[in-house]
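The next block is upload-v1.txt, given as compact mmCIF, C-alpha atoms.
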# COMPACT_ATOMS: atom_id res chain seq x y z
CA MET A 1 115.01 133.12 83.40
CA ARG A 2 112.80 130.96 85.52
CA HIS A 3 112.32 127.37 84.36
CA PHE A 4 109.00 125.62 84.65
CA LEU A 5 108.30 121.93 84.57
CA ALA A 6 104.72 121.08 83.62
CA LEU A 7 103.32 118.03 85.38
CA ALA A 8 99.92 116.48 84.70
CA ALA A 9 98.20 115.08 87.77
CA LEU A 10 96.36 112.06 86.46
CA LEU A 11 94.74 109.85 89.03
CA ALA A 12 95.09 106.68 86.96
CA CYS A 13 95.11 104.42 89.99
CA GLY A 14 91.52 105.44 90.76
CA THR A 15 90.29 108.36 92.80
CA ALA A 16 89.39 106.36 95.91
CA HIS A 17 92.77 104.61 96.09
CA ALA A 18 94.67 107.81 95.36
CA CYS A 19 92.69 109.67 98.03
CA LEU A 20 93.40 107.08 100.71
CA PHE A 21 97.05 107.03 99.75
CA ALA A 22 97.30 110.84 99.81
CA ARG A 23 95.77 111.08 103.28
CA ASP A 24 97.28 108.02 104.97
CA ALA A 25 100.70 107.39 103.40
CA GLN A 26 103.75 107.12 105.62
CA PRO A 27 107.12 108.53 104.48
CA LYS A 28 108.34 105.10 103.28
CA ASP A 29 105.15 104.75 101.20
CA TRP A 30 105.79 108.07 99.44
CA LEU A 31 109.42 107.11 98.80
CA GLU A 32 108.38 103.74 97.33
CA TRP A 33 105.55 105.17 95.16
CA ALA A 34 107.29 108.26 93.81
CA SER A 35 110.16 108.64 91.42
CA VAL A 36 110.18 112.37 92.23
CA LEU A 37 109.32 113.69 95.68
CA VAL A 38 109.75 117.38 96.52
CA ALA A 39 108.70 120.03 98.99
CA ALA A 40 107.41 123.21 97.40
CA ASP A 41 105.69 126.47 98.20
CA VAL A 42 102.55 127.40 96.26
CA THR A 43 103.10 130.66 94.36
CA ALA A 44 99.80 130.78 92.43
CA VAL A 45 96.60 128.80 91.90
CA GLU A 46 94.48 129.39 88.81
CA GLU A 47 91.37 127.65 87.56
CA ASP A 48 91.12 126.31 84.02
CA ARG A 49 87.36 125.71 84.09
CA PRO A 50 87.01 124.47 80.49
CA LYS A 51 89.52 121.70 81.21
CA GLY A 52 88.35 121.07 84.80
CA LEU A 53 91.84 121.73 86.15
CA ASP A 54 93.51 123.83 88.80
CA VAL A 55 96.91 125.04 87.67
CA VAL A 56 99.19 125.21 90.71
CA SER A 57 102.47 127.11 90.36
CA LEU A 58 105.20 126.01 92.73
CA ARG A 59 108.62 127.06 93.98
CA VAL A 60 110.57 123.89 94.67
CA VAL A 61 112.48 124.20 97.95
CA GLU A 62 113.73 120.66 98.66
CA THR A 63 114.13 117.37 96.83
CA PHE A 64 113.58 114.21 98.89
CA LYS A 65 113.88 111.85 95.93
CA GLY A 66 114.67 112.11 92.26
CA PRO A 67 116.86 114.26 90.08
CA PRO A 68 117.33 117.95 90.81
CA MET A 69 114.31 119.87 89.58
CA ALA A 70 113.90 123.31 88.14
CA GLN A 71 113.25 125.94 90.80
CA GLY A 72 109.72 126.46 89.49
CA ALA A 73 107.11 123.93 88.46
CA THR A 74 103.52 123.98 87.31
CA LEU A 75 101.21 121.18 88.34
CA GLN A 76 97.83 120.60 86.68
CA VAL A 77 95.43 118.98 89.13
CA PRO A 78 91.89 117.85 88.31
CA SER A 79 89.64 120.31 90.17
CA ARG A 80 87.45 117.45 91.39
CA MET A 81 90.35 115.89 93.29
CA TRP A 82 90.15 118.30 96.22
CA ALA A 83 86.53 117.48 97.06
CA ALA A 84 86.81 113.79 96.13
CA CYS A 85 89.81 113.32 98.41
CA ARG A 86 88.59 115.71 101.10
CA LEU A 87 91.77 117.73 100.69
CA GLU A 88 91.93 121.48 100.94
CA ARG A 89 92.74 123.27 97.70
CA PRO A 90 96.17 124.79 98.40
CA ALA A 91 96.39 128.53 98.91
CA VAL A 92 99.23 130.79 97.82
CA GLY A 93 102.01 130.41 100.38
CA ALA A 94 101.07 126.84 101.37
CA HIS A 95 103.94 124.39 101.85
CA VAL A 96 103.17 121.15 99.99
CA LEU A 97 104.55 117.72 99.19
CA VAL A 98 104.56 116.93 95.47
CA ALA A 99 104.95 113.30 94.47
CA ILE A 100 105.22 112.00 90.90
CA ASN A 101 105.43 108.30 90.08
CA PRO A 102 107.13 106.71 87.03
CA ASN A 103 103.80 106.85 85.11
CA SER A 104 103.69 110.65 85.62
CA ASP A 105 100.75 110.32 88.04
CA ALA A 106 101.05 113.08 90.62
CA LEU A 107 99.71 113.90 94.06
CA LEU A 108 99.95 117.15 96.00
CA VAL A 109 99.22 117.34 99.73
CA PRO A 110 99.96 119.79 102.57
CA LEU A 111 103.39 119.28 104.14
CA ALA A 112 104.01 119.97 107.82
CA ALA A 113 107.54 120.60 109.10
CA ASP A 114 107.55 117.47 111.27
CA TYR A 115 106.43 115.28 108.36
CA ALA A 116 109.15 116.79 106.13
CA GLU A 117 111.71 115.82 108.79
CA ARG A 118 110.33 112.26 108.84
CA LEU A 119 110.72 112.14 105.04
CA ARG A 120 114.35 113.31 105.31
CA VAL A 121 115.17 110.66 107.90
CA THR A 122 113.44 107.91 105.92
CA ALA A 123 115.10 108.99 102.65
CA ARG A 124 118.56 108.94 104.28
CA SER A 125 118.00 105.45 105.64
CA ALA A 126 116.50 104.01 102.42
CA PRO A 127 118.73 101.55 100.55
CA ALA A 128 120.18 102.81 97.29
CA PRO A 129 118.27 101.63 94.20
CA THR A 130 119.80 98.65 92.44
CA SER A 131 120.00 98.26 88.68
CA LYS A 132 118.97 95.02 87.08
Would you encode the structure as structure tokens?
Amino acid sequence: MRHFLALAALLACGTAHACLFARDAQPKDWLEWASVLVAADVTAVEEDRPKGLDVVSLRVVETFKGPPMAQGATLQVPSRMWAACRLERPAVGAHVLVAINPNSDALLVPLAADYAERLRVTARSAPAPTSK
């Protein structure tokens, strides 16, 4: 049985700030912002017009940060985000970076192989979190 984790993509930090972050963030920025950071392949994209959402189904392929995730996940993204952030709506088969912060705010952006390698290197060199 395939497990799904539903994630709401709420841009609480403001669309403009979230858009700049999504387009310009360096690997260390993603690792600092996110409590969960994974690479995934898009398996389906459906519109929920009444709610103004795109429902993106994902197959998680790698975890850069956070606890192990279910193999499948569903991310609900406000449909307006793509145009507002000048990001392409992901197509089935796209390889993406999914980042979720401690407030459950989420961002989804295309993920190139070289950027994934930069994330791996940065994650390996990051200091372990300390408890207070």
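You can rank A:Ala44, A:Leu31, A:Leu37, A:Val55 by their closest distance to A:Leu107 using all atoms listed in the file, and at the top of that list sits A:Leu37.
Relative to atom CA of A:Pro27, atom CA of A:Ala70 is found at 23.1 Å.
The environment of A:Leu119 within 9 Å, counting all atoms listed in the file and disregarding residues fewer than 4 places along the same chain, consists of Gln26, Pro27, Lys28, Trp30, Leu31, Phe64, Asp114, Tyr115, Ala123 and Arg124 of chain A.
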- prompt: So how far away is atom CA of A:Val61 from atom CA of A:Asp105, in Å?
  reply: 20.7 Å
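Among A:Glu47, A:Gly72, A:Pro67, A:Ser57, the residue with the shortest atom-to-atom distance to A:Leu108, counting all atoms listed in the file, is A:Ser57.
The smallest atom-to-atom distance between A:Thr74 and any of A:Leu87, A:Ala34, A:Val42, A:Cys19, using all atoms listed in the file, is found for A:Val42.
Taking atom CA of A:Asp24 as the reference point, atom CA of A:Leu97 is found at 13.4 Å.
Residue nearest A:Met81 within the list A:Ala113, A:Ala94, A:Ala106, A:Val60: A:Ala106 [criterion: smallest interatomic distance, all atoms listed in the file].
Around A:Ala112, within 12 Å and counting all atoms listed in the file, the residues found are Ala39, Ala40, Asp41, Ala94, His95, Val96, Leu97, Glu117, Arg118 and Leu119 of chain A, once anything fewer than 5 positions away on its own chain is removed.
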Selected residues, C-alpha atoms, written as a PDB file, in the coordinates of the input, please.
ATOM      1  CA  ALA A  39     108.700 120.030  98.990  1.00  0.00           C
ATOM      2  CA  ALA A  40     107.410 123.210  97.400  1.00  0.00           C
ATOM      3  CA  ASP A  41     105.690 126.470  98.200  1.00  0.00           C
ATOM      4  CA  ALA A  94     101.070 126.840 101.370  1.00  0.00           C
ATOM      5  CA  HIS A  95     103.940 124.390 101.850  1.00  0.00           C
ATOM      6  CA  VAL A  96     103.170 121.150  99.990  1.00  0.00           C
ATOM      7  CA  LEU A  97     104.550 117.720  99.190  1.00  0.00           C
ATOM      8  CA  GLU A 117     111.710 115.820 108.790  1.00  0.00           C
ATOM      9  CA  ARG A 118     110.330 112.260 108.840  1.00  0.00           C
ATOM     10  CA  LEU A 119     110.720 112.140 105.040  1.00  0.00           C
TER      11      LEU A 119
END
